Amino acid sequence: MLEFNLFLIDYWYFSVPLFLSIVLWFRSETRRGGNRVDCTQLTNLVNKQSARLLDVRPKSEFETGAIAGSVNIPFEELENRNEELLKDQDNPIVLICKMGRNAALAGEKMQKYGFKETHVLQGGISTWQQEGLPLVKVK
């Protein structure tokens, strides 16, 4: 470990740009697709601002349990089915997936389609379940 620290100090002109690149990459990744919201913020968005919930998980996962009121459009079908959501373009939209990664990518697409306020459920449906919040079975 000491050798590594000495390397970082001796070659600071390599270390500093690498460190800055990592910080900037991490920052851009955490903002990708919209603001991150936790379960409480999601509930407030739905109750106070009539936010639309869009679950981008595959249909088979969605059917095992979903947040009440959410609409399922799998990530792979988003480009072909985005017109289903255009009527709610001015309302906030919260994107949900299993862990949060696909929701962020879907958020980028939704922003390209003209959605002004996109949010991503931080940690996805897994976090929702860990919080002990209810899921509904969809048939």
# chains A, B, ... in the order shown; residues from 1 in each chain; ligands from 1
>>> residues_around(residues="segment 120-129 of chain A", least_positions_apart="3", cutoff="12 Å", atoms="only C-alpha atoms", output="PyMOL selection string")
chain A and resi 30-43+45+51-57+61-62+64-68+70+92-108+110+117+132-136
>>> select_by_dssp(residues="chain A", states="alpha helix (DSSP H)", output="PyMOL selection string")
chain A and resi 2-10+12-31+39-49+59-64+78-81+101-112+124-130
>>> select_by_dssp(residues="segment 7-129 of chain A", states="strand (DSSP E)", output="ChimeraX atom specification")
/A:35-37,52-55,71-72,93-96,118-121
